[in-house]
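Chemist: What follows is data-v4.txt; its format and atoms are compact mmCIF, C-alpha atoms.
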```
# COMPACT_ATOMS: atom_id res chain seq x y z
CA MET A 1 0.00 0.00 0.00
CA GLU A 2 1.08 3.56 -0.71
CA SER A 3 1.96 6.28 1.78
CA LEU A 4 -0.86 8.08 3.55
CA ARG A 5 0.56 11.20 1.93
CA GLU A 6 -0.97 9.80 -1.26
CA LEU A 7 -4.35 9.34 0.45
CA TYR A 8 -4.62 12.58 2.42
CA ARG A 9 -3.88 15.31 -0.13
CA ILE A 10 -4.30 18.99 0.65
CA GLY A 11 -5.55 20.87 -2.39
CA LEU A 12 -8.30 22.74 -4.16
CA GLY A 13 -11.74 21.28 -4.83
CA PRO A 14 -14.16 20.42 -6.18
CA SER A 15 -13.02 16.94 -7.31
CA SER A 16 -9.94 14.89 -6.52
CA SER A 17 -10.40 12.73 -9.62
CA HIS A 18 -11.50 15.49 -12.01
CA THR A 19 -9.39 18.46 -10.82
CA MET A 20 -6.59 17.33 -8.50
CA GLY A 21 -5.67 14.25 -10.57
CA PRO A 22 -5.60 16.00 -13.96
CA ALA A 23 -3.66 18.92 -12.48
CA LYS A 24 -1.07 16.50 -11.08
CA ALA A 25 -0.83 14.72 -14.44
CA ALA A 26 -0.30 18.07 -16.14
CA GLU A 27 2.49 18.93 -13.69
CA ILE A 28 4.25 15.66 -14.48
CA TYR A 29 3.85 16.14 -18.22
CA ILE A 30 4.97 19.76 -18.37
CA ALA A 31 8.06 18.87 -16.34
CA ARG A 32 8.98 16.49 -19.18
CA HIS A 33 8.28 19.13 -21.85
CA PRO A 34 9.02 22.54 -20.33
CA ASP A 35 9.77 24.13 -23.70
CA ALA A 36 6.76 22.83 -25.62
CA LYS A 37 4.89 25.43 -27.62
CA ALA A 38 1.52 23.63 -27.64
CA PHE A 39 -0.19 20.99 -25.52
CA GLU A 40 -3.24 18.95 -26.42
CA VAL A 41 -5.20 16.99 -23.84
CA THR A 42 -8.00 14.60 -24.78
CA LEU A 43 -10.40 13.73 -21.97
CA TYR A 44 -12.32 10.46 -22.15
CA GLY A 45 -15.35 8.93 -20.47
CA SER A 46 -16.33 10.45 -17.14
CA LEU A 47 -13.60 13.08 -17.28
CA ALA A 48 -15.17 14.48 -20.43
CA ALA A 49 -18.80 13.88 -19.44
CA THR A 50 -18.61 15.84 -16.17
CA GLY A 51 -15.33 17.70 -16.60
CA VAL A 52 -16.90 21.11 -17.23
CA GLY A 53 -18.76 21.05 -13.92
CA HIS A 54 -15.61 19.89 -12.14
CA PHE A 55 -13.44 22.56 -13.82
CA THR A 56 -11.14 19.92 -15.32
CA ASP A 57 -10.26 22.17 -18.24
CA ARG A 58 -9.43 25.05 -15.92
CA ALA A 59 -7.17 22.86 -13.79
CA LEU A 60 -5.26 21.64 -16.85
CA ALA A 61 -4.91 25.07 -18.42
CA GLN A 62 -3.66 26.63 -15.20
CA VAL A 63 -0.76 24.18 -15.14
CA LEU A 64 0.03 23.89 -18.85
CA GLY A 65 -0.74 27.49 -19.79
CA GLU A 66 -4.03 28.73 -21.17
CA ASP A 67 -2.48 30.20 -24.30
CA ARG A 68 -0.86 26.93 -25.37
CA THR A 69 -3.40 24.31 -24.26
CA THR A 70 -6.20 22.75 -26.31
CA ILE A 71 -8.72 20.48 -24.59
CA HIS A 72 -10.65 17.81 -26.53
CA TRP A 73 -13.78 16.32 -24.96
CA ASN A 74 -14.61 12.70 -25.81
CA GLY A 75 -17.29 11.61 -23.38
CA SER A 76 -18.64 8.89 -25.68
CA GLU A 77 -15.44 6.87 -25.56
CA THR A 78 -13.32 5.34 -22.81
CA ILE A 79 -9.69 4.45 -23.15
CA GLY A 80 -8.07 1.56 -21.32
CA ASP A 81 -9.82 0.03 -18.34
CA HIS A 82 -10.83 3.16 -16.39
CA PRO A 83 -13.45 5.83 -17.17
CA ASN A 84 -11.13 8.70 -16.19
CA GLY A 85 -8.60 8.54 -19.01
CA MET A 86 -6.48 11.39 -20.40
CA LYS A 87 -4.14 11.61 -23.38
CA PHE A 88 -1.45 14.28 -23.46
CA THR A 89 0.67 15.38 -26.40
CA ALA A 90 3.32 18.10 -26.68
CA ASP A 91 3.77 19.77 -30.06
CA GLY A 92 1.86 16.87 -31.59
CA ALA A 93 4.20 14.18 -30.27
CA ASP A 94 5.20 12.12 -27.21
CA GLU A 95 1.73 10.76 -26.44
CA TRP A 96 1.12 9.95 -22.77
CA ILE A 97 -2.00 8.15 -21.55
CA VAL A 98 -2.77 8.31 -17.85
CA PHE A 99 -5.80 7.69 -15.62
CA SER A 100 -7.09 9.66 -12.65
CA VAL A 101 -8.14 6.81 -10.37
CA GLY A 102 -9.58 8.70 -7.41
CA GLY A 103 -8.29 10.70 -4.49
CA GLY A 104 -5.93 12.61 -6.76
CA ALA A 105 -3.96 9.45 -7.57
CA LEU A 106 -2.74 8.54 -11.05
CA ARG A 107 -2.13 5.27 -12.89
CA GLU A 108 -0.51 4.76 -16.26
CA MET A 109 -1.68 2.48 -19.07
CA GLY A 110 -1.07 -1.14 -18.16
CA GLY A 111 -1.81 -0.59 -14.48
CA ARG A 112 1.55 0.90 -13.47
CA ARG A 113 1.08 3.30 -10.58
CA ILE A 114 3.00 6.57 -10.46
CA VAL A 115 4.22 5.99 -6.89
CA GLY A 116 5.38 2.85 -5.10
CA ASP A 117 4.37 1.07 -1.90
CA VAL A 118 5.66 1.83 1.58
CA TYR A 119 3.56 -0.72 3.49
CA PRO A 120 4.13 -4.49 3.44
CA TYR A 121 0.39 -5.09 3.95
CA THR A 122 -2.07 -5.73 1.15
CA GLY A 123 -5.31 -6.04 3.11
CA MET A 124 -7.00 -5.68 6.48
CA ALA A 125 -6.28 -9.31 7.37
CA ASP A 126 -2.55 -8.55 7.20
CA ILE A 127 -2.98 -5.49 9.40
CA LEU A 128 -5.08 -7.31 12.00
CA ALA A 129 -2.59 -10.19 12.12
CA LYS A 130 0.32 -7.79 12.63
CA CYS A 131 -1.50 -5.94 15.40
CA GLU A 132 -2.41 -9.21 17.11
CA THR A 133 1.11 -10.66 17.05
CA THR A 134 2.84 -7.43 18.11
CA GLY A 135 0.21 -5.83 20.31
CA LEU A 136 0.64 -2.58 18.38
CA PRO A 137 -2.26 -0.26 17.55
CA MET A 138 -2.98 0.54 13.93
CA TRP A 139 -1.54 4.04 14.13
CA GLN A 140 1.82 2.69 15.26
CA LEU A 141 2.03 0.48 12.17
CA VAL A 142 1.71 3.68 10.16
CA GLU A 143 4.51 5.47 11.99
CA GLU A 144 6.79 2.44 11.84
CA ALA A 145 6.30 2.09 8.08
CA GLU A 146 6.45 5.77 7.18
CA GLY A 147 8.90 7.17 9.74
CA ASP A 148 8.72 10.11 12.11
CA GLY A 149 7.79 12.62 9.41
CA ILE A 150 4.34 11.15 8.90
CA ALA A 151 3.09 12.45 12.26
CA ASP A 152 4.13 15.98 11.30
CA TYR A 153 2.33 15.60 7.97
CA MET A 154 -0.79 14.37 9.77
CA GLU A 155 -0.73 17.51 11.90
CA GLU A 156 -0.70 19.56 8.69
CA VAL A 157 -3.65 17.50 7.44
CA LEU A 158 -5.53 18.09 10.69
CA LYS A 159 -4.91 21.84 10.51
CA ALA A 160 -6.12 21.93 6.91
CA MET A 161 -9.26 19.98 7.82
CA ASN A 162 -10.09 22.35 10.67
CA ALA A 163 -9.36 25.37 8.48
CA SER A 164 -11.82 24.10 5.88
CA ILE A 165 -14.49 23.75 8.57
CA ASP A 166 -13.82 27.25 9.90
CA ALA A 167 -13.89 28.77 6.42
CA GLY A 168 -17.13 27.01 5.55
CA LEU A 169 -18.82 28.20 8.75
CA LYS A 170 -17.96 31.83 7.97
CA HIS A 171 -19.25 32.02 4.41
CA ASP A 172 -22.75 32.68 3.11
CA GLY A 173 -23.97 33.13 -0.43
CA VAL A 174 -24.40 31.00 -3.51
CA ILE A 175 -22.14 28.10 -4.46
CA PRO A 176 -20.73 28.56 -7.99
CA GLY A 177 -21.77 26.26 -10.81
CA GLY A 178 -25.22 27.29 -11.97
CA LEU A 179 -27.49 25.40 -9.56
CA ARG A 180 -27.92 28.53 -7.41
CA LEU A 181 -27.43 26.39 -4.32
CA GLN A 182 -27.25 28.45 -1.13
CA ARG A 183 -24.59 27.78 1.49
CA ARG A 184 -26.21 26.43 4.65
CA ALA A 185 -23.39 25.39 6.99
CA ARG A 186 -23.31 28.66 8.92
CA SER A 187 -27.07 28.63 9.46
CA ILE A 188 -27.06 24.98 10.56
CA TYR A 189 -24.24 25.67 13.01
CA GLN A 190 -25.92 28.72 14.54
CA LYS A 191 -29.13 26.78 15.12
CA ALA A 192 -27.39 23.62 16.36
CA ARG A 193 -25.64 25.44 19.21
CA PHE A 194 -29.00 26.09 20.87
CA LEU A 195 -30.46 22.63 20.48
CA GLN A 196 -30.93 20.32 23.44
CA SER A 197 -28.02 17.94 23.97
CA GLU A 198 -29.73 14.90 22.45
CA PHE A 199 -30.18 16.79 19.17
CA ARG A 200 -27.08 19.00 19.25
CA ARG A 201 -24.72 16.29 18.02
CA THR A 202 -26.58 15.74 14.77
CA GLY A 203 -26.73 19.47 14.13
CA LEU A 204 -23.08 20.20 14.87
CA VAL A 205 -21.74 17.22 12.94
CA SER A 206 -23.95 18.13 9.99
CA ALA A 207 -22.75 21.74 10.12
CA TYR A 208 -19.08 20.73 10.15
CA ALA A 209 -19.46 18.24 7.29
CA THR A 210 -21.54 20.68 5.26
CA ALA A 211 -19.00 23.47 5.83
CA VAL A 212 -16.19 21.42 4.29
CA SER A 213 -18.35 20.20 1.42
CA GLU A 214 -19.48 23.72 0.58
CA GLU A 215 -15.88 24.93 0.64
CA ASN A 216 -14.97 22.09 -1.70
CA ALA A 217 -17.79 22.91 -4.10
CA SER A 218 -16.63 26.54 -4.07
CA LEU A 219 -13.08 25.60 -5.13
CA GLY A 220 -11.73 26.03 -1.61
CA THR A 221 -8.89 24.12 0.05
CA VAL A 222 -9.81 20.71 1.46
CA VAL A 223 -8.18 17.38 2.27
CA THR A 224 -9.03 14.25 0.30
CA ALA A 225 -10.40 11.78 2.83
CA PRO A 226 -10.42 9.77 0.70
CA THR A 227 -11.69 12.17 -2.02
CA CYS A 228 -12.77 15.78 -2.42
CA GLY A 229 -16.39 14.75 -2.86
CA SER A 230 -16.32 13.04 0.54
CA ALA A 231 -13.92 15.46 2.23
CA GLY A 232 -16.37 16.61 4.90
CA VAL A 233 -17.00 13.32 6.69
CA LEU A 234 -13.79 12.65 8.62
CA PRO A 235 -13.09 16.30 9.57
CA ALA A 236 -16.61 16.63 10.98
CA VAL A 237 -16.23 13.55 13.17
CA LEU A 238 -12.79 14.57 14.40
CA ARG A 239 -13.91 18.13 15.21
CA TYR A 240 -16.96 16.95 17.11
CA LEU A 241 -15.05 14.35 19.13
CA SER A 242 -12.19 16.74 19.89
CA GLU A 243 -14.74 19.13 21.38
CA THR A 244 -16.78 16.57 23.32
CA LEU A 245 -14.03 14.19 24.44
CA GLY A 246 -11.25 16.74 24.80
CA CYS A 247 -8.94 14.85 22.43
CA ASP A 248 -5.57 16.53 21.98
CA VAL A 249 -3.76 16.92 18.67
CA ARG A 250 -1.68 13.78 19.11
CA GLU A 251 -4.77 11.64 19.72
CA GLN A 252 -6.42 13.09 16.63
CA VAL A 253 -3.29 12.37 14.60
CA HIS A 254 -3.46 8.74 15.74
CA ALA A 255 -7.12 8.66 14.71
CA LEU A 256 -6.19 10.05 11.29
CA GLU A 257 -3.54 7.36 10.90
CA THR A 258 -6.00 4.65 11.92
CA ALA A 259 -8.56 5.94 9.44
CA GLY A 260 -5.88 6.20 6.78
CA LEU A 261 -5.12 2.49 6.93
CA VAL A 262 -8.79 1.76 6.33
CA GLY A 263 -8.85 4.07 3.33
CA ASN A 264 -5.64 2.58 1.99
CA VAL A 265 -7.03 -0.95 2.17
CA VAL A 266 -9.97 0.02 -0.04
CA LYS A 267 -7.76 2.04 -2.35
CA ARG A 268 -5.42 -0.94 -2.75
CA ASN A 269 -8.05 -3.66 -3.20
CA GLY A 270 -11.07 -1.80 -4.55
CA SER A 271 -11.46 1.79 -5.62
CA ILE A 272 -12.12 5.25 -4.20
CA SER A 273 -13.15 6.63 -7.59
CA GLY A 274 -16.80 7.60 -7.88
CA ALA A 275 -16.54 7.40 -11.66
CA GLU A 276 -15.37 3.80 -11.39
CA VAL A 277 -17.40 2.31 -8.51
CA GLY A 278 -19.96 4.96 -7.62
CA CYS A 279 -20.33 6.96 -4.44
CA GLN A 280 -19.86 3.85 -2.31
CA GLY A 281 -16.16 4.31 -3.04
CA GLU A 282 -16.21 7.90 -1.82
CA ILE A 283 -18.88 8.51 0.83
CA GLY A 284 -18.93 4.84 1.82
CA VAL A 285 -15.18 4.72 2.38
CA ALA A 286 -15.20 8.11 4.11
CA CYS A 287 -17.81 6.78 6.54
CA ALA A 288 -15.69 3.69 7.16
CA MET A 289 -12.61 5.81 7.82
CA ALA A 290 -14.48 8.14 10.16
CA ALA A 291 -16.07 5.23 12.02
CA ALA A 292 -12.65 3.67 12.62
CA ALA A 293 -11.31 7.02 13.83
CA ALA A 294 -14.26 7.46 16.18
CA ALA A 295 -13.90 3.95 17.55
CA TYR A 296 -10.22 4.62 18.26
CA LEU A 297 -10.95 7.91 20.06
CA TYR A 298 -13.63 6.20 22.13
CA GLY A 299 -10.98 3.71 23.29
CA GLY A 300 -11.83 0.86 20.95
CA THR A 301 -9.53 -2.07 20.28
CA VAL A 302 -8.04 -2.79 16.87
CA PRO A 303 -10.76 -5.37 16.03
CA GLN A 304 -13.43 -2.91 17.17
CA CYS A 305 -12.00 -0.20 14.91
CA GLU A 306 -12.04 -2.63 11.99
CA THR A 307 -15.63 -3.67 12.76
CA ALA A 308 -16.74 -0.05 12.97
CA ALA A 309 -15.19 0.59 9.56
CA GLU A 310 -16.92 -2.43 8.06
CA ILE A 311 -20.32 -1.39 9.42
CA GLY A 312 -19.76 2.16 8.18
CA LEU A 313 -19.05 0.96 4.66
CA GLU A 314 -21.55 -1.84 4.16
CA HIS A 315 -24.70 0.28 4.35
CA PHE A 316 -23.45 2.54 1.56
CA LEU A 317 -22.77 -0.34 -0.81
CA GLY A 318 -24.43 0.22 -4.16
CA LEU A 319 -24.60 4.00 -3.78
CA THR A 320 -24.26 5.56 -7.22
CA CYS A 321 -22.42 8.67 -8.40
CA ASP A 322 -24.97 10.71 -10.38
CA PRO A 323 -24.56 14.35 -9.30
CA VAL A 324 -26.92 16.92 -10.77
CA LYS A 325 -25.27 18.61 -13.78
CA GLY A 326 -22.02 16.85 -12.89
CA LEU A 327 -21.36 19.23 -9.97
CA VAL A 328 -20.11 18.08 -6.57
CA GLN A 329 -23.16 19.62 -4.90
CA ILE A 330 -26.42 17.65 -5.16
CA PRO A 331 -26.57 15.13 -3.53
CA CYS A 332 -22.89 15.21 -2.55
CA ILE A 333 -22.99 17.91 0.13
CA GLU A 334 -25.85 16.38 2.10
CA ARG A 335 -24.34 12.92 1.76
CA ASN A 336 -21.30 14.15 3.69
CA ALA A 337 -23.50 15.19 6.59
CA VAL A 338 -25.40 11.90 6.53
CA ALA A 339 -22.21 9.82 6.44
CA ALA A 340 -20.56 11.77 9.26
CA ASN A 341 -23.53 11.14 11.53
CA ARG A 342 -23.66 7.51 10.41
CA ALA A 343 -20.00 7.07 11.35
CA LEU A 344 -20.68 8.17 14.91
```
Using structure tokens, write down the structure from this file.

Modeler:
Amino acid sequence: MESLRELYRIGLGPSSSHTMGPAKAAEIYIARHPDAKAFEVTLYGSLAATGVGHFTDRALAQVLGEDRTTIHWNGSETIGDHPNGMKFTADGADEWIVFSVGGGALREMGGRRIVGDVYPYTGMADILAKCETTGLPMWQLVEEAEGDGIADYMEEVLKAMNASIDAGLKHDGVIPGGLRLQRRARSIYQKARFLQSEFRRTGLVSAYATAVSEENASLGTVVTAPTCGSAGVLPAVLRYLSETLGCDVREQVHALETAGLVGNVVKRNGSISGAEVGCQGEIGVACAMAAAAAAYLYGGTVPQCETAAEIGLEHFLGLTCDPVKGLVQIPCIERNAVAANRAL
């Protein structure tokens, strides 16, 4: 499995597969051809079908240069074995085909991934066996495999998650994209603070998740967890539990690492791409990650964290990815709030 740095990515919304991934591919390609006078990018399948609403063309042009980039849209055709295919050329030559496979990650034709593995585990059974034989918690497996620097990176991730909540709670107005959808996180939060305790949790968690999702839909900075479209679930759960349980930063970092292993297992053995497997791979996995994090912060054992993740995921199985007008807004924003509450 890859580093959690490849799972938790800090970047601009609204889509990890349709904006972050293509932008990363463009960065790789332009580094190979810094002196090219003209770039052409052909988008296939889902990238072309919903790319306008996800600002895929804008992400590519910002990296490659608007004055030398031509985008071709081919939504009726897929290339290779993934619906998010792209073909780059520089000055009409050096064709490069690459796929945006979810969470901002890339894969080349033939299945070769852009980055290598840092974990010796391939599935949850391996992780559970290691924890049982060593007595180590899941987060410690992360820090052993990735080194001391991973904890510092997780603190950056946590700060970015909280910043996206704070930004979303401050903003009003209309979310860009043409649906004229009003931001609601601030209003939900203001009302939730005055609810009785038995109802306050649902309101606060919903406000936090909605805040991140609205920031994402407005091209704000979020963290893929595991994707932009599901970026509100884990931050909402962590914020709520940090406030109610008094969890310090280190405990939240451990929860992030625990959740990250869950996300990595799905990424390695299944998919976190909504275009490939539907929203079950985004919201479903986000709920699983958040449930594992919550179980850890509540003092759960490794098997209990794994069970929480499994329960969180299984009731989202079959959930499709059919956003209105291809925008990460309806039903995506509300699904984040639902999944965050489900995780708890």

Chemist: State, in Å with one decimal place, the distance from atom CA of His171 of chain A to atom CA of Ser187 of chain A.

Modeler: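 That distance, rounded to one decimal, is 9.9 Å.
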
Chemist: Which neighbours of Glu215 of chain A fall inside 8 Å, counting all atoms listed in the file, when residues of the same chain fewer than 4 positions from it are skipped, and could you give them as number ranges by chain?

Modeler: A: 13, 164, 167-168, 211, 219-222

Chemist: Rank A:Leu241, A:Ile272, A:Val223, A:Ile311 by their smallest atom-to-atom distance to Leu204 of chain A, using only C-alpha atoms, and report the top residue only.

Modeler: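 Selected residue with least distance to Leu204 of chain A: A:Leu241.
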
Chemist: Might you pull out every residue within 9 Å of segment 277-291 of chain A, with only C-alpha atoms counted and same-chain residues fewer than 4 positions away left off, and present them as number ranges by chain?

Modeler: A: 102-103, 225-238, 255-256, 258-263, 266-267, 270-273, 295-296, 305-322, 332, 335-336, 339-344

Chemist: Restricting the output to C-alpha atoms, write the selected residues as an mmCIF file, keeping the file's coordinate frame.

Modeler:
```
data_model
loop_
_atom_site.group_PDB
_atom_site.id
_atom_site.type_symbol
_atom_site.label_atom_id
_atom_site.label_comp_id
_atom_site.auth_asym_id
_atom_site.auth_seq_id
_atom_site.Cartn_x
_atom_site.Cartn_y
_atom_site.Cartn_z
ATOM 1 C CA GLY A 102 -9.580 8.700 -7.410
ATOM 2 C CA GLY A 103 -8.290 10.700 -4.490
ATOM 3 C CA ALA A 225 -10.400 11.780 2.830
ATOM 4 C CA PRO A 226 -10.420 9.770 0.700
ATOM 5 C CA THR A 227 -11.690 12.170 -2.020
ATOM 6 C CA CYS A 228 -12.770 15.780 -2.420
ATOM 7 C CA GLY A 229 -16.390 14.750 -2.860
ATOM 8 C CA SER A 230 -16.320 13.040 0.540
ATOM 9 C CA ALA A 231 -13.920 15.460 2.230
ATOM 10 C CA GLY A 232 -16.370 16.610 4.900
ATOM 11 C CA VAL A 233 -17.000 13.320 6.690
ATOM 12 C CA LEU A 234 -13.790 12.650 8.620
ATOM 13 C CA PRO A 235 -13.090 16.300 9.570
ATOM 14 C CA ALA A 236 -16.610 16.630 10.980
ATOM 15 C CA VAL A 237 -16.230 13.550 13.170
ATOM 16 C CA LEU A 238 -12.790 14.570 14.400
ATOM 17 C CA ALA A 255 -7.120 8.660 14.710
ATOM 18 C CA LEU A 256 -6.190 10.050 11.290
ATOM 19 C CA THR A 258 -6.000 4.650 11.920
ATOM 20 C CA ALA A 259 -8.560 5.940 9.440
ATOM 21 C CA GLY A 260 -5.880 6.200 6.780
ATOM 22 C CA LEU A 261 -5.120 2.490 6.930
ATOM 23 C CA VAL A 262 -8.790 1.760 6.330
ATOM 24 C CA GLY A 263 -8.850 4.070 3.330
ATOM 25 C CA VAL A 266 -9.970 0.020 -0.040
ATOM 26 C CA LYS A 267 -7.760 2.040 -2.350
ATOM 27 C CA GLY A 270 -11.070 -1.800 -4.550
ATOM 28 C CA SER A 271 -11.460 1.790 -5.620
ATOM 29 C CA ILE A 272 -12.120 5.250 -4.200
ATOM 30 C CA SER A 273 -13.150 6.630 -7.590
ATOM 31 C CA ALA A 295 -13.900 3.950 17.550
ATOM 32 C CA TYR A 296 -10.220 4.620 18.260
ATOM 33 C CA CYS A 305 -12.000 -0.200 14.910
ATOM 34 C CA GLU A 306 -12.040 -2.630 11.990
ATOM 35 C CA THR A 307 -15.630 -3.670 12.760
ATOM 36 C CA ALA A 308 -16.740 -0.050 12.970
ATOM 37 C CA ALA A 309 -15.190 0.590 9.560
ATOM 38 C CA GLU A 310 -16.920 -2.430 8.060
ATOM 39 C CA ILE A 311 -20.320 -1.390 9.420
ATOM 40 C CA GLY A 312 -19.760 2.160 8.180
ATOM 41 C CA LEU A 313 -19.050 0.960 4.660
ATOM 42 C CA GLU A 314 -21.550 -1.840 4.160
ATOM 43 C CA HIS A 315 -24.700 0.280 4.350
ATOM 44 C CA PHE A 316 -23.450 2.540 1.560
ATOM 45 C CA LEU A 317 -22.770 -0.340 -0.810
ATOM 46 C CA GLY A 318 -24.430 0.220 -4.160
ATOM 47 C CA LEU A 319 -24.600 4.000 -3.780
ATOM 48 C CA THR A 320 -24.260 5.560 -7.220
ATOM 49 C CA CYS A 321 -22.420 8.670 -8.400
ATOM 50 C CA ASP A 322 -24.970 10.710 -10.380
ATOM 51 C CA CYS A 332 -22.890 15.210 -2.550
ATOM 52 C CA ARG A 335 -24.340 12.920 1.760
ATOM 53 C CA ASN A 336 -21.300 14.150 3.690
ATOM 54 C CA ALA A 339 -22.210 9.820 6.440
ATOM 55 C CA ALA A 340 -20.560 11.770 9.260
ATOM 56 C CA ASN A 341 -23.530 11.140 11.530
ATOM 57 C CA ARG A 342 -23.660 7.510 10.410
ATOM 58 C CA ALA A 343 -20.000 7.070 11.350
ATOM 59 C CA LEU A 344 -20.680 8.170 14.910
#
```

Chemist: What's around Pro176 of chain A at 8 Å? Count all atoms listed in the file, leave out sequence neighbours fewer than 3 positions away in its own chain, and write the answer as a ChimeraX atom specification.

Modeler: /A:179-181,217-218

Chemist: Using only C-alpha atoms, find the one residue out of A:His18, A:His82, A:Arg184, A:Lys130 that sits nearest to Thr56 of chain A.

Modeler: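 Selected residue with least distance to Thr56 of chain A: A:His18.
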
Chemist: Between atom CA of Leu245 of chain A and atom CA of Gln304 of chain A, what is the distance in Å, rounded to a tenth?

Modeler: 18.6 Å

Chemist: Would you mind listing what lies within 12 Å of Tyr29 of chain A as a ChimeraX atom specification, with all atoms listed in the file counted and same-chain residues fewer than 5 positions away left out?

Modeler: /A:22-24,34-36,39-41,60,63-64,86-90,94-98

Chemist: Quick one: write out the picked residues with C-alpha atoms as an mmCIF file, in the coordinates of the input?

Modeler:
```
data_model
loop_
_atom_site.group_PDB
_atom_site.id
_atom_site.type_symbol
_atom_site.label_atom_id
_atom_site.label_comp_id
_atom_site.auth_asym_id
_atom_site.auth_seq_id
_atom_site.Cartn_x
_atom_site.Cartn_y
_atom_site.Cartn_z
ATOM 1 C CA PRO A 22 -5.600 16.000 -13.960
ATOM 2 C CA ALA A 23 -3.660 18.920 -12.480
ATOM 3 C CA LYS A 24 -1.070 16.500 -11.080
ATOM 4 C CA PRO A 34 9.020 22.540 -20.330
ATOM 5 C CA ASP A 35 9.770 24.130 -23.700
ATOM 6 C CA ALA A 36 6.760 22.830 -25.620
ATOM 7 C CA PHE A 39 -0.190 20.990 -25.520
ATOM 8 C CA GLU A 40 -3.240 18.950 -26.420
ATOM 9 C CA VAL A 41 -5.200 16.990 -23.840
ATOM 10 C CA LEU A 60 -5.260 21.640 -16.850
ATOM 11 C CA VAL A 63 -0.760 24.180 -15.140
ATOM 12 C CA LEU A 64 0.030 23.890 -18.850
ATOM 13 C CA MET A 86 -6.480 11.390 -20.400
ATOM 14 C CA LYS A 87 -4.140 11.610 -23.380
ATOM 15 C CA PHE A 88 -1.450 14.280 -23.460
ATOM 16 C CA THR A 89 0.670 15.380 -26.400
ATOM 17 C CA ALA A 90 3.320 18.100 -26.680
ATOM 18 C CA ASP A 94 5.200 12.120 -27.210
ATOM 19 C CA GLU A 95 1.730 10.760 -26.440
ATOM 20 C CA TRP A 96 1.120 9.950 -22.770
ATOM 21 C CA ILE A 97 -2.000 8.150 -21.550
ATOM 22 C CA VAL A 98 -2.770 8.310 -17.850
#
```

Chemist: Please report as JSON lines every residue of segment 136-248 of chain A lying within 8 Å of segment 105-129 of chain A, along with the nearest atom pair and their distance in Å (one decimal), using all atoms listed in the file.

Modeler:
```
{"residue": "A:Met138", "atom": "CA", "partner": "A:Ile127", "partner_atom": "CA", "distance": 7.5}
{"residue": "A:Ala145", "atom": "CA", "partner": "A:Tyr119", "partner_atom": "CA", "distance": 6.0}
{"residue": "A:Glu146", "atom": "CA", "partner": "A:Val118", "partner_atom": "CA", "distance": 6.9}
```

Chemist: One decimal, Å: what's the distance from atom CA of Phe99 of chain A over to atom CA of Ile175 of chain A, could you say?

Modeler: 28.4 Å
